[in-house]
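Worksheet for the structure shown next.
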Amino acid sequence: MPLMRGGEFREIDHAADLGLDLRGPDPGAILEAAQRGLVRLLFGESPSIEPAEEREVRLSEAGYPELLKAWCEHLYRLLEEESFLPIATRVEDSDPSSFRARLGGAVLPAEVRTAASELKAVTWHQLAFAPAPDGVWRARVIFDV
Amino acid sequence: MPERVEIKRLEPYLWEIPRSGGMLVPGRVYASARLMEEIRGDESLQQVKNVAQLPGIVGWSLAMPDIHWGYGFPIGGVAATEAGHGAISPGGVGYDINCGVRLARTDLSVEAVRERLPRLMDELFTAVPSGVGAEGAISKLSRAELRRMLEHGAAWAIERGYGEAGDLEHTEELGCLEGADPSRLSERAQERGLTQVGTLGSGNHFLEVQRVAEIHDPVLADAFGLFEDQVVVMIHSGSRGLGYQVCDDYIRRIKPRLKAYGYSLPDIQLAAAPLDSEEGRAYLGAMRSAANYAWANRQVMLHSVRETFARVLGAGRGEIGMRLLYDVCHNIAKLEEHEVDGRRIQVCVHRKGATRAFPPDHPDVPAAYRESGQPVLVPGSMGTSSYVCAGAAGAMQGTFGSTCHGAGRRMSRTRSKQASRGRDLLGEMESQGVLVRATGMRTVAEEMPHAYKDVADVVEVMELAGVSRRVARLAPMGVVKG
């Protein structure tokens with residue numbers, strides 16, 4: 001199972017939708033925290049399932065915010081289409097336009113998958129992912145539900 | 001706390017945000033003083049100001065009393081842009097293109113259903129798949145069948161046995177927007193549409209068995225075929241993954257072109273293209289296809305409901321008399337004629353969480369409702385009342401023929417879940433006489449009545465403003481939630 005770094009997430013108190021504020025020491029930590037935060041938004045407490053398989057993910061986009069959006073879309077797509085629950089991530093390599101990660105997870109029974117919150121989209125609204133002057137990386141992503 | 005937006009009261013139920021900064025028109029908000037206090041609590045008024053910067057916008061950037069903070073546009077927002085050089089914004093329609101509501105009336109009284117309601121709800125829960133990744137209401141479509149559905153909307157479903165011919169006449173736009181162009185959809189959007197026809201989804205989507213609890217306008221209720229203690233069925237859903245993908249694809253496509261159009265927008269989620277540009281035309285063709293998908297989706301669900309009622313009640317369809325009262329969309333952009341500054345012009349009306357509400361004698365209202373005005377369906381929060389209303393003359397003067405679409409959230413999903421913690425939510429609903437069948441308790445906790453404004457206040461504001469009038473109040477008996 002991949003080891004997790006020190007990124008953190010916080011649910012945003014958005015009226016109609018769901019969102020995450022993320023912070024971490026580097027971009028990889030942000031992306032790892034986004035995976036954990038997304039599972040929390042979808043399921044509340046993560047289903048008590050151990051990772052049973054590992055997948056490699058490579059994504060390329062125009063910049064960090066777009067990478068965050070694409071990452072969240074990819075994770076949700078795995079759940080919606082393959083019932084694959086991402087349980088833990090290790091980002092192994094990242095730059096402003098791409099990253100490579102190892103994703104540990106397990107396939108869920110259909111009745112567990114359907115009980116998750118549905119995401120209509122990962123929006124562009126307030127999408128952000130950049131280092132702050134204090135050197136800490138911060139990001140925000142809002143989901144339409 | 002959100003930044004305080006300057007707003008002044010024009011009339012008892014109408015407020016105005018004066019033009020400032022990059023606003024091309026003023027903002028206007030329909031609300032009572034009490035609702036306005038709630039509205040000030042989130043960022044939606046700033047979003048009304050942002051929408052007022054949409055290129056080609058005419059009249060006002062409008063908000064209905066169920067307005068709340070959305071992404072880009074506020075939910076409950078209406079904006080009309082001049083056809084031709086004006087802009088069309090995929091975010092101004094929303095991800096769930098043609099999210100909407102349909103209401104079917106029956107000849108059944110509450111007593112005829114009460115005893116079998118638990119089994120009825122169980123079987124509706126099975127017949128109409130819901131939740132993440134739900135599929136399988138009908139067989140997976142071929143690409144050719146999907147294309148025909150995208151072109152023909154609800155008629156596609158009826159031709160294949162999922163409905164009755166009379167359903168079309170009681171559907172906005174007869175269940176099909178002309179000008180749909182399925183070739184404008186991405187491969188991914190099409191793929192997502194192949195298996196989800198006839199499925200409910202999740203979030204605030206629902207299927208409710210309701211009773212007519214109160215008649216507000218006996219004449220209009222009679223015209224709509226409604227009577228007290230009658231059983232009716234309401235379905236709230238949209239274009240599923242196909243529609244979500246269309247919106248996202250086109251924001252992604254339009255975003256890099258903004259500079260070329262000369263557009264400067266305060267929120268990238270408002271990304272827009274000129275209606276007469278290649279991207280604008282392409283989006284219109286794709287959006288109309290997705291709208292038609294949504295109508296076919298709700299049509300197939302209604303068919304599943306009819307079959308389930310007949311099976312569980314052991315009655316023929318004639319005895320049940322389940323006929324579509326109306327189907328409205330509340331996330332859409334449509335080319336319509338309206339009077340602006342004394343000129344009758346064609347505009348593109350974006351309704352993002354707002355319902356068309358055409359008045360009596362409007363040519364686009366079905367013949368059956370020409371004297372009464374278009375039926376408007378306003379669902380409340382889970383377990384509370386919903387309303388049937390009718391469009392009124394004021395809609396054409398003040399709101400580009402639009403009214404509210406629901407109760408409108410007043411509490412975030414996160415706070416609603418916190419407020420629901422430790423409570424027996426299903427037990428509470430059952431003690432109020434409402435049976436809930438849900439795929440997961442998280443959605444139930446997010447959608448509890450405490451998270452919403454009182455829908456009665458919302459529809460009352462629009463009635464007092466002369467935009468739409470109440471016909472009947474509906475109360476839930478059973479709810480299917482994704």
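Identifiers for the structure tokens are assigned positionally: chains receive A, B, ... in sequence, residues are indexed from 1 per chain, and ligands are indexed from 1 in the order shown.
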
Open item on the list: Just want the 8 Å neighbourhood of Ser46 (chain A), counted on only C-alpha atoms, with same-chain residues fewer than 5 positions away dropped. Output as a VMD selection string.
Closed with: chain A and resid 39 to 40 87

TODO: Could the residues of chain B within 7 Å of chain A, counting only C-alpha atoms, be given as a list of chain:residue names, please?
DONE: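 Residues of chain B within 7 Å of chain A, counting only C-alpha atoms: B:His68, B:Trp69, B:Gly70, B:Tyr71, B:Gly72, B:Tyr95, B:Gly131, B:Val132, B:Gly133, B:Ala134, B:Ser202, B:Gly203, B:Tyr244, B:Asp267, B:Ile268, B:Gln269, B:Arg409, B:Arg410, B:Met411, B:Ser412, B:Arg413, B:Thr414, B:Thr439, B:Gly440, B:Thr443.
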
Write the residues of the selection above to a file with N, CA and C atoms, as a PDB file, in the first residue's frame.
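Final output, saved to result.pdb:
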ATOM      1  N   HIS B  68     -29.510  30.489  -4.746  1.00  0.00           N
ATOM      2  CA  HIS B  68     -28.443  30.190  -3.800  1.00  0.00           C
ATOM      3  C   HIS B  68     -27.131  30.033  -4.560  1.00  0.00           C
ATOM      4  N   TRP B  69     -26.084  29.997  -3.821  1.00  0.00           N
ATOM      5  CA  TRP B  69     -24.724  29.985  -4.354  1.00  0.00           C
ATOM      6  C   TRP B  69     -24.506  28.760  -5.245  1.00  0.00           C
ATOM      7  N   GLY B  70     -24.174  29.013  -6.509  1.00  0.00           N
ATOM      8  CA  GLY B  70     -23.858  27.923  -7.419  1.00  0.00           C
ATOM      9  C   GLY B  70     -22.406  27.999  -7.833  1.00  0.00           C
ATOM     10  N   TYR B  71     -22.091  27.493  -9.004  1.00  0.00           N
ATOM     11  CA  TYR B  71     -20.736  27.607  -9.552  1.00  0.00           C
ATOM     12  C   TYR B  71     -20.891  28.468 -10.804  1.00  0.00           C
ATOM     13  N   GLY B  72     -20.296  29.644 -10.857  1.00  0.00           N
ATOM     14  CA  GLY B  72     -20.488  30.553 -11.987  1.00  0.00           C
ATOM     15  C   GLY B  72     -21.799  31.291 -11.845  1.00  0.00           C
ATOM     16  N   TYR B  95     -24.286  21.772 -15.578  1.00  0.00           N
ATOM     17  CA  TYR B  95     -23.835  20.437 -15.996  1.00  0.00           C
ATOM     18  C   TYR B  95     -25.019  19.530 -16.297  1.00  0.00           C
ATOM     19  N   GLY B 131     -28.610   6.196  -7.853  1.00  0.00           N
ATOM     20  CA  GLY B 131     -27.293   6.165  -7.227  1.00  0.00           C
ATOM     21  C   GLY B 131     -26.164   6.200  -8.249  1.00  0.00           C
ATOM     22  N   VAL B 132     -24.922   6.235  -7.732  1.00  0.00           N
ATOM     23  CA  VAL B 132     -23.739   6.348  -8.590  1.00  0.00           C
ATOM     24  C   VAL B 132     -23.619   5.132  -9.502  1.00  0.00           C
ATOM     25  N   GLY B 133     -23.456   5.412 -10.802  1.00  0.00           N
ATOM     26  CA  GLY B 133     -23.231   4.338 -11.766  1.00  0.00           C
ATOM     27  C   GLY B 133     -24.478   3.524 -12.068  1.00  0.00           C
ATOM     28  N   ALA B 134     -25.649   4.001 -11.646  1.00  0.00           N
ATOM     29  CA  ALA B 134     -26.879   3.232 -11.891  1.00  0.00           C
ATOM     30  C   ALA B 134     -27.120   3.095 -13.386  1.00  0.00           C
ATOM     31  N   SER B 202     -28.621  10.858  -8.479  1.00  0.00           N
ATOM     32  CA  SER B 202     -28.485  10.998  -7.028  1.00  0.00           C
ATOM     33  C   SER B 202     -28.671  12.466  -6.649  1.00  0.00           C
ATOM     34  N   GLY B 203     -28.107  12.884  -5.523  1.00  0.00           N
ATOM     35  CA  GLY B 203     -28.204  14.284  -5.103  1.00  0.00           C
ATOM     36  C   GLY B 203     -29.637  14.682  -4.837  1.00  0.00           C
ATOM     37  N   TYR B 244     -23.677  15.989 -18.314  1.00  0.00           N
ATOM     38  CA  TYR B 244     -22.567  16.533 -17.523  1.00  0.00           C
ATOM     39  C   TYR B 244     -21.328  16.668 -18.416  1.00  0.00           C
ATOM     40  N   ASP B 267     -15.419  35.016 -13.692  1.00  0.00           N
ATOM     41  CA  ASP B 267     -15.340  33.633 -13.196  1.00  0.00           C
ATOM     42  C   ASP B 267     -15.226  32.736 -14.416  1.00  0.00           C
ATOM     43  N   ILE B 268     -14.197  31.895 -14.456  1.00  0.00           N
ATOM     44  CA  ILE B 268     -13.972  31.056 -15.634  1.00  0.00           C
ATOM     45  C   ILE B 268     -15.135  30.103 -15.865  1.00  0.00           C
ATOM     46  N   GLN B 269     -15.894  29.818 -14.794  1.00  0.00           N
ATOM     47  CA  GLN B 269     -17.052  28.940 -14.957  1.00  0.00           C
ATOM     48  C   GLN B 269     -18.146  29.614 -15.798  1.00  0.00           C
ATOM     49  N   ARG B 409     -31.609  25.966  -1.508  1.00  0.00           N
ATOM     50  CA  ARG B 409     -30.900  25.583  -0.282  1.00  0.00           C
ATOM     51  C   ARG B 409     -30.625  26.806   0.590  1.00  0.00           C
ATOM     52  N   ARG B 410     -30.645  26.604   1.901  1.00  0.00           N
ATOM     53  CA  ARG B 410     -30.215  27.658   2.813  1.00  0.00           C
ATOM     54  C   ARG B 410     -29.122  27.141   3.742  1.00  0.00           C
ATOM     55  N   MET B 411     -28.819  25.854   3.635  1.00  0.00           N
ATOM     56  CA  MET B 411     -27.782  25.262   4.484  1.00  0.00           C
ATOM     57  C   MET B 411     -26.906  24.383   3.591  1.00  0.00           C
ATOM     58  N   SER B 412     -25.599  24.455   3.788  1.00  0.00           N
ATOM     59  CA  SER B 412     -24.699  23.653   2.957  1.00  0.00           C
ATOM     60  C   SER B 412     -24.911  22.169   3.238  1.00  0.00           C
ATOM     61  N   ARG B 413     -24.430  21.359   2.314  1.00  0.00           N
ATOM     62  CA  ARG B 413     -24.539  19.905   2.495  1.00  0.00           C
ATOM     63  C   ARG B 413     -23.765  19.461   3.734  1.00  0.00           C
ATOM     64  N   THR B 414     -22.616  20.086   3.930  1.00  0.00           N
ATOM     65  CA  THR B 414     -21.803  19.724   5.095  1.00  0.00           C
ATOM     66  C   THR B 414     -22.564  20.018   6.383  1.00  0.00           C
ATOM     67  N   THR B 439     -30.662   4.796  -1.759  1.00  0.00           N
ATOM     68  CA  THR B 439     -29.465   3.969  -1.910  1.00  0.00           C
ATOM     69  C   THR B 439     -28.471   4.253  -0.795  1.00  0.00           C
ATOM     70  N   GLY B 440     -28.476   5.445  -0.251  1.00  0.00           N
ATOM     71  CA  GLY B 440     -27.513   5.763   0.802  1.00  0.00           C
ATOM     72  C   GLY B 440     -28.052   6.837   1.726  1.00  0.00           C
ATOM     73  N   THR B 443     -27.058  11.013   1.168  1.00  0.00           N
ATOM     74  CA  THR B 443     -27.892  11.925   0.392  1.00  0.00           C
ATOM     75  C   THR B 443     -29.110  12.349   1.190  1.00  0.00           C
TER      76      THR B 443
END

Open item on the list: Please return, as a count of residues only, all residues of region 41-117 of chain B that DSSP assigns to alpha helix (DSSP H) on the basis of the backbone.
Closed with: 18

Task: Separation of CA of Gly86 (chain B) from CA of Pro256 (chain B) in Å - done: 18.2 Å

- [ ] Give me, please, the distance in Å between CA of Gly84 (chain B) and CA of Glu339 (chain B), quoted to one decimal.
- [x]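 CA of Gly84 (chain B) sits 16.3 Å away from CA of Glu339 (chain B).
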
TODO: May I ask for the distance between CA of Glu228 (chain B) and CA of Val212 (chain B), given in Å to one decimal place?
DONE: 5.1 Å

Task: For Ser416 (chain B), the nearest of the candidates B:Gly201, B:Gln432, B:Met448, B:Asp107, counting only C-alpha atoms - done: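 Among B:Gly201, B:Gln432, B:Met448, B:Asp107, it is B:Met448 that comes nearest to Ser416 (chain B).
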
- [ ] May I have the residues within 8 Å of Trp15 (chain B) as a list in words, using only C-alpha atoms and disregarding those fewer than 6 positions away in the same chain?
- [x] Ile7, Lys8, Arg9, Arg28, Val29, Tyr30 and Ala31 of chain B

TODO: Might you pull out every residue within 9 Å of region 166-180 of chain B, with only C-alpha atoms counted and same-chain residues fewer than 6 positions away left off, and present them as a ChimeraX atom specification?
DONE: /B:102,150-155,158,284-296,299,323-329,334,356,364-368

For those residues, write N, CA and C atoms to a file as a tab-separated table (two decimals), in the first residue's frame.
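Dumped to out-v3.tsv:
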chain	number	residue	atom	x	y	z
B	102	ARG	N	-41.18	16.22	-14.00
B	102	ARG	CA	-42.46	15.87	-14.63
B	102	ARG	C	-43.43	15.38	-13.57
B	150	LEU	N	-31.13	11.23	-29.32
B	150	LEU	CA	-30.65	12.60	-29.17
B	150	LEU	C	-31.33	13.56	-30.14
B	151	GLU	N	-31.74	13.02	-31.28
B	151	GLU	CA	-32.42	13.87	-32.27
B	151	GLU	C	-33.91	14.05	-31.95
B	152	HIS	N	-34.52	13.02	-31.36
B	152	HIS	CA	-35.99	13.03	-31.23
B	152	HIS	C	-36.52	13.12	-29.80
B	153	GLY	N	-35.68	12.97	-28.81
B	153	GLY	CA	-36.11	13.17	-27.43
B	153	GLY	C	-37.18	12.20	-26.97
B	154	ALA	N	-38.21	12.74	-26.29
B	154	ALA	CA	-39.24	11.88	-25.70
B	154	ALA	C	-39.97	11.06	-26.75
B	155	ALA	N	-40.08	11.58	-27.98
B	155	ALA	CA	-40.78	10.83	-29.04
B	155	ALA	C	-40.06	9.51	-29.32
B	158	ILE	N	-41.36	7.07	-26.81
B	158	ILE	CA	-42.77	6.67	-27.03
B	158	ILE	C	-42.88	5.74	-28.23
B	284	LEU	N	-24.70	24.76	-28.89
B	284	LEU	CA	-26.16	24.71	-29.00
B	284	LEU	C	-26.63	23.36	-29.51
B	285	GLY	N	-25.95	22.85	-30.55
B	285	GLY	CA	-26.33	21.55	-31.11
B	285	GLY	C	-26.14	20.43	-30.11
B	286	ALA	N	-25.05	20.50	-29.34
B	286	ALA	CA	-24.78	19.47	-28.33
B	286	ALA	C	-25.74	19.60	-27.15
B	287	MET	N	-25.96	20.84	-26.71
B	287	MET	CA	-26.85	21.06	-25.57
B	287	MET	C	-28.28	20.60	-25.88
B	288	ARG	N	-28.74	20.89	-27.09
B	288	ARG	CA	-30.09	20.46	-27.46
B	288	ARG	C	-30.16	18.93	-27.49
B	289	SER	N	-29.11	18.29	-27.93
B	289	SER	CA	-29.08	16.81	-27.93
B	289	SER	C	-29.20	16.29	-26.50
B	290	ALA	N	-28.44	16.90	-25.60
B	290	ALA	CA	-28.49	16.47	-24.19
B	290	ALA	C	-29.87	16.74	-23.59
B	291	ALA	N	-30.47	17.86	-23.97
B	291	ALA	CA	-31.82	18.17	-23.48
B	291	ALA	C	-32.79	17.08	-23.93
B	292	ASN	N	-32.64	16.65	-25.18
B	292	ASN	CA	-33.53	15.60	-25.69
B	292	ASN	C	-33.29	14.28	-24.96
B	293	TYR	N	-32.04	14.04	-24.59
B	293	TYR	CA	-31.72	12.83	-23.81
B	293	TYR	C	-32.48	12.87	-22.47
B	294	ALA	N	-32.48	14.04	-21.85
B	294	ALA	CA	-33.16	14.16	-20.55
B	294	ALA	C	-34.65	13.90	-20.69
B	295	TRP	N	-35.25	14.42	-21.75
B	295	TRP	CA	-36.69	14.16	-21.93
B	295	TRP	C	-36.96	12.67	-22.15
B	296	ALA	N	-36.10	12.03	-22.93
B	296	ALA	CA	-36.27	10.58	-23.14
B	296	ALA	C	-36.07	9.84	-21.81
B	299	GLN	N	-39.08	10.23	-19.72
B	299	GLN	CA	-40.18	9.50	-20.35
B	299	GLN	C	-40.08	8.01	-20.01
B	323	ARG	N	-51.80	10.00	-16.28
B	323	ARG	CA	-51.52	10.82	-17.46
B	323	ARG	C	-50.55	11.93	-17.09
B	324	LEU	N	-49.67	12.22	-18.02
B	324	LEU	CA	-48.68	13.27	-17.76
B	324	LEU	C	-49.38	14.62	-17.69
B	325	LEU	N	-49.20	15.30	-16.56
B	325	LEU	CA	-49.76	16.66	-16.46
B	325	LEU	C	-48.86	17.63	-17.20
B	326	TYR	N	-47.55	17.58	-16.88
B	326	TYR	CA	-46.60	18.40	-17.63
B	326	TYR	C	-45.19	18.00	-17.27
B	327	ASP	N	-44.25	18.39	-18.12
B	327	ASP	CA	-42.82	18.17	-17.89
B	327	ASP	C	-42.11	19.47	-18.20
B	328	VAL	N	-41.38	19.99	-17.22
B	328	VAL	CA	-40.65	21.26	-17.42
B	328	VAL	C	-39.15	21.04	-17.25
B	329	CYS	N	-38.37	21.83	-17.98
B	329	CYS	CA	-36.92	21.80	-17.75
B	329	CYS	C	-36.55	23.06	-16.97
B	334	LYS	N	-32.57	28.71	-24.27
B	334	LYS	CA	-33.48	28.60	-25.41
B	334	LYS	C	-33.60	29.92	-26.13
B	356	ARG	N	-39.48	27.83	-17.03
B	356	ARG	CA	-40.28	28.63	-17.94
B	356	ARG	C	-41.69	28.76	-17.36
B	364	ASP	N	-46.72	29.13	-27.31
B	364	ASP	CA	-45.92	27.94	-27.01
B	364	ASP	C	-46.49	27.09	-25.87
B	365	VAL	N	-47.62	27.53	-25.32
B	365	VAL	CA	-48.27	26.73	-24.28
B	365	VAL	C	-49.20	25.73	-24.97
B	366	PRO	N	-49.19	24.45	-24.55
B	366	PRO	CA	-50.04	23.45	-25.20
B	366	PRO	C	-51.51	23.88	-25.21
B	367	ALA	N	-52.22	23.44	-26.25
B	367	ALA	CA	-53.61	23.85	-26.42
B	367	ALA	C	-54.43	23.57	-25.15
B	368	ALA	N	-54.17	22.45	-24.50
B	368	ALA	CA	-54.96	22.07	-23.32
B	368	ALA	C	-54.82	23.09	-22.19
